[in-house]
Each structure stands twice: as structure tokens, then as C-alpha cells.
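> Questions regarding the structure given below will be posed in turn.
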Amino acid sequence: SAKVICNSLEVLWMTMPEAEIAMPAIVPFLTHTNNRVRVEATYVIGCLAPVPEPALGTLVTLLSDSEGTVRANAARAIGLSGVRSESIYSSLEARLGDAAAVARFRAAEALVRLYGPEATNRTVALLEVLAEAERSDISYFRLIGFNMRTALGEGEWSSEAANDTFRELFAQGAAYIRSEAMAGLAFHSKTSGTPVPSGIKELVVGAQEDLNGLI
């Protein structure tokens, strides 16, 4: 059943086996008829990036999926793939006007992860979507905005808004949100070459006791 498949995909996400082993098991579920299965599969395959070429083509197709979260997860996975092409750029660019906010934000994030400042010079709407994410009342969306700023070389640890956002994220009940917050911290620290400030470092130390082993 779809519930059993989703549970199995969540186990894969939490245990993070070698990508070479897990990918063949996940790829068939990217096109499953059940929306929830596609949501889980697209998210997990992004966690195992880089994505192999055959699956990458499927993810590009899924940018037009009927389910907004699937479109968002597909964009996230493409952005983490490191693969650049004109078809990928145009497919992501088309999603900047997506009706689902999370899909708009993930498409913008993918573009700046892959192309950096070149993307903002090429597509004016990208900065508008970035500003929208940063203004959001939802901390998860503001995290995506922070990731975008980092990819553009503009992210700042020192802002109180960033500290508040990460405090909210680590207090979230959903494990995938706490995991995304940790990934965002790692991405920013590596990209900026600056240490985690004390306020956020306390959150990271506390996360060692998280009930989710992956975190």
C-alpha cells in the first residue's frame, strides 16, 4: 500500500544507506500514482544527491506534477544535483510563477545553487521570489531564503532574524524540517567559511540529543 511504501522511504531517509544501493529502489516511486508516495520519493532522492542522469530527467518532468510539494521536492533535488543545462534552467525558471509558494521558493533556490549570481542577472523575477521567501511568516520558507542568500554569497549569521529562524526550525515537530535546518547550517558554514555563532551553536549541540538519528 501507499502507506507501507512511504514508511519504507522514510526509513531510507533516516538510515541514509549508500546512494548506489538506495537509488534503484527509490526511482520507480518517483512516478507512483499516489501523491504522497511521489512526495516522499522526491524528497528522499534529493537527500541522496547527486542524482543519476535517468532519475534527473524524471525529476525535471515532475516540475510539472499536479502536486505542489512534489514540484517543490523535485526542484530541491535538481538544485542539489549540481547538473546545469539550458533545459534544466528553463524548467526551473518556469516554476518561479508556481501557484504553490514552496514550489516557487525551491525553484528559486535550485537556480541560485546551480548558477549563483548569474541566475539573478539573467532572471529578474528570481530576486522577487527570494524577497518573498525572506518576508514569509513561515520559518521553513525563510530558511529557503537564507539558503538562497548563502548561494549568492550574501548570507549573514549575525542577523537576529537568522538566529530567530533557526531557533524556530529546531523547535519544529517535523523531523524533515529540523534536518533541513541542519543542512542549511552546514551549507552556510561551508560556503561562507565562517564558524557557527554561539547562539546557533547551542542549537547544534542540543540537536545531538534529537530523537531522529539522522539529525
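Each chain in the C-alpha cells gets a letter, A, B and so on, in the order shown; residues start at 1 in every chain, and ligands are counted from 1 in the order they appear.
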Neighbouring residues of stretch 68-85 of chain A were defined as those with any atom within 10 Å, considering only C-alpha atoms; residues of the same chain fewer than 6 positions away were excluded. Please report them as an MDAnalysis selection string.
chainID A and resid 30 35:53 55:62 91:92 95 98:115
> What's the separation between atom CA of A:Pro197 and atom CA of A:Met182, in Å to one decimal place?
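It comes out at 14.0 Å.
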> If we count only C-alpha atoms and set the cut-off at 12 Å, which residues sit around A:Pro195, ignoring sequence neighbours fewer than 4 positions away in its own chain? Please answer as a list in words.
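Residues near the query, excluding close chain neighbours: Glu156, Trp157, Ser158, Leu185, Ala186, Phe187, His188, Ser189, Lys190, Thr191, Gly199, Ile200 and Lys201 of chain A.
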> Please compute the atom CA of A:Pro117-atom CA of A:Ser198 distance, one decimal, in Å.
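Atom-to-atom, atom CA of A:Pro117 to atom CA of A:Ser198, that is 29.4 Å.
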> For a test of reading the model, state the distance in Å between atom CA of A:Ala207 and atom CA of A:Arg178, rounded to one decimal.
8.8 Å
> Identify, on the basis of only C-alpha atoms, every residue whose closest approach to A:Arg142 does not exceed 10 Å; exclude the query and any residue fewer than 3 positions from it along the same chain; express the result as a PyMOL selection string.
chain A and resi 105+130-139+145-148+161-162+165-166+169
> What would the file look like if the residues just selected were written as a PDB file, in the first residue's frame with N, CA, C and O atoms?

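Output below, filename result-v4.pdb:
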```
ATOM      1  N   PHE A 105       9.683  28.848  -4.165  1.00  0.00           N
ATOM      2  CA  PHE A 105      10.896  29.072  -3.390  1.00  0.00           C
ATOM      3  C   PHE A 105      11.963  28.021  -3.684  1.00  0.00           C
ATOM      4  O   PHE A 105      13.150  28.327  -3.802  1.00  0.00           O
ATOM      5  N   LEU A 130      12.938  35.534  -4.018  1.00  0.00           N
ATOM      6  CA  LEU A 130      13.827  35.499  -2.860  1.00  0.00           C
ATOM      7  C   LEU A 130      13.311  36.427  -1.762  1.00  0.00           C
ATOM      8  O   LEU A 130      13.227  36.033  -0.585  1.00  0.00           O
ATOM      9  N   ALA A 131      12.943  37.644  -2.134  1.00  0.00           N
ATOM     10  CA  ALA A 131      12.428  38.607  -1.158  1.00  0.00           C
ATOM     11  C   ALA A 131      11.136  38.101  -0.524  1.00  0.00           C
ATOM     12  O   ALA A 131      10.899  38.279   0.672  1.00  0.00           O
ATOM     13  N   GLU A 132      10.300  37.446  -1.327  1.00  0.00           N
ATOM     14  CA  GLU A 132       9.041  36.886  -0.814  1.00  0.00           C
ATOM     15  C   GLU A 132       9.324  35.820   0.235  1.00  0.00           C
ATOM     16  O   GLU A 132       8.668  35.774   1.287  1.00  0.00           O
ATOM     17  N   ALA A 133      10.298  34.954  -0.023  1.00  0.00           N
ATOM     18  CA  ALA A 133      10.653  33.908   0.937  1.00  0.00           C
ATOM     19  C   ALA A 133      11.161  34.512   2.237  1.00  0.00           C
ATOM     20  O   ALA A 133      10.800  34.062   3.337  1.00  0.00           O
ATOM     21  N   GLU A 134      11.976  35.529   2.134  1.00  0.00           N
ATOM     22  CA  GLU A 134      12.551  36.159   3.330  1.00  0.00           C
ATOM     23  C   GLU A 134      11.502  36.867   4.180  1.00  0.00           C
ATOM     24  O   GLU A 134      11.652  36.966   5.399  1.00  0.00           O
ATOM     25  N   ARG A 135      10.439  37.352   3.560  1.00  0.00           N
ATOM     26  CA  ARG A 135       9.373  38.061   4.284  1.00  0.00           C
ATOM     27  C   ARG A 135       8.340  37.113   4.882  1.00  0.00           C
ATOM     28  O   ARG A 135       7.472  37.540   5.644  1.00  0.00           O
ATOM     29  N   SER A 136       8.413  35.843   4.544  1.00  0.00           N
ATOM     30  CA  SER A 136       7.371  34.894   4.936  1.00  0.00           C
ATOM     31  C   SER A 136       7.226  34.770   6.450  1.00  0.00           C
ATOM     32  O   SER A 136       8.191  34.912   7.209  1.00  0.00           O
ATOM     33  N   ASP A 137       6.007  34.492   6.896  1.00  0.00           N
ATOM     34  CA  ASP A 137       5.749  34.216   8.307  1.00  0.00           C
ATOM     35  C   ASP A 137       6.135  32.783   8.667  1.00  0.00           C
ATOM     36  O   ASP A 137       6.129  32.421   9.845  1.00  0.00           O
ATOM     37  N   ILE A 138       6.440  31.974   7.662  1.00  0.00           N
ATOM     38  CA  ILE A 138       6.761  30.560   7.886  1.00  0.00           C
ATOM     39  C   ILE A 138       8.279  30.396   7.928  1.00  0.00           C
ATOM     40  O   ILE A 138       8.975  30.717   6.962  1.00  0.00           O
ATOM     41  N   SER A 139       8.791  29.899   9.052  1.00  0.00           N
ATOM     42  CA  SER A 139      10.241  29.795   9.234  1.00  0.00           C
ATOM     43  C   SER A 139      10.893  28.893   8.190  1.00  0.00           C
ATOM     44  O   SER A 139      12.032  29.145   7.766  1.00  0.00           O
ATOM     45  N   GLY A 145      14.995  31.021   1.911  1.00  0.00           N
ATOM     46  CA  GLY A 145      15.530  32.323   1.546  1.00  0.00           C
ATOM     47  C   GLY A 145      16.963  32.499   2.028  1.00  0.00           C
ATOM     48  O   GLY A 145      17.818  33.027   1.308  1.00  0.00           O
ATOM     49  N   PHE A 146      17.249  32.030   3.241  1.00  0.00           N
ATOM     50  CA  PHE A 146      18.606  32.109   3.791  1.00  0.00           C
ATOM     51  C   PHE A 146      19.562  31.269   2.954  1.00  0.00           C
ATOM     52  O   PHE A 146      20.691  31.687   2.666  1.00  0.00           O
ATOM     53  N   ASN A 147      19.112  30.084   2.553  1.00  0.00           N
ATOM     54  CA  ASN A 147      19.931  29.231   1.686  1.00  0.00           C
ATOM     55  C   ASN A 147      20.252  29.934   0.367  1.00  0.00           C
ATOM     56  O   ASN A 147      21.362  29.827  -0.158  1.00  0.00           O
ATOM     57  N   MET A 148      19.261  30.642  -0.164  1.00  0.00           N
ATOM     58  CA  MET A 148      19.479  31.367  -1.416  1.00  0.00           C
ATOM     59  C   MET A 148      20.526  32.458  -1.238  1.00  0.00           C
ATOM     60  O   MET A 148      21.413  32.626  -2.082  1.00  0.00           O
ATOM     61  N   ALA A 161      17.387  37.997  12.818  1.00  0.00           N
ATOM     62  CA  ALA A 161      16.330  37.287  12.086  1.00  0.00           C
ATOM     63  C   ALA A 161      16.767  35.864  11.762  1.00  0.00           C
ATOM     64  O   ALA A 161      15.975  34.919  11.873  1.00  0.00           O
ATOM     65  N   ALA A 162      18.045  35.682  11.375  1.00  0.00           N
ATOM     66  CA  ALA A 162      18.556  34.339  11.078  1.00  0.00           C
ATOM     67  C   ALA A 162      18.564  33.487  12.336  1.00  0.00           C
ATOM     68  O   ALA A 162      18.160  32.321  12.315  1.00  0.00           O
ATOM     69  N   THR A 165      15.043  32.490  13.218  1.00  0.00           N
ATOM     70  CA  THR A 165      14.541  31.481  12.280  1.00  0.00           C
ATOM     71  C   THR A 165      15.044  30.097  12.649  1.00  0.00           C
ATOM     72  O   THR A 165      14.271  29.134  12.690  1.00  0.00           O
ATOM     73  N   PHE A 166      16.332  29.966  12.936  1.00  0.00           N
ATOM     74  CA  PHE A 166      16.875  28.654  13.275  1.00  0.00           C
ATOM     75  C   PHE A 166      16.355  28.145  14.617  1.00  0.00           C
ATOM     76  O   PHE A 166      16.139  26.945  14.787  1.00  0.00           O
ATOM     77  N   LEU A 169      13.053  26.719  13.767  1.00  0.00           N
ATOM     78  CA  LEU A 169      13.171  25.490  12.980  1.00  0.00           C
ATOM     79  C   LEU A 169      13.524  24.295  13.855  1.00  0.00           C
ATOM     80  O   LEU A 169      12.963  23.209  13.694  1.00  0.00           O
TER      81      LEU A 169
END
```
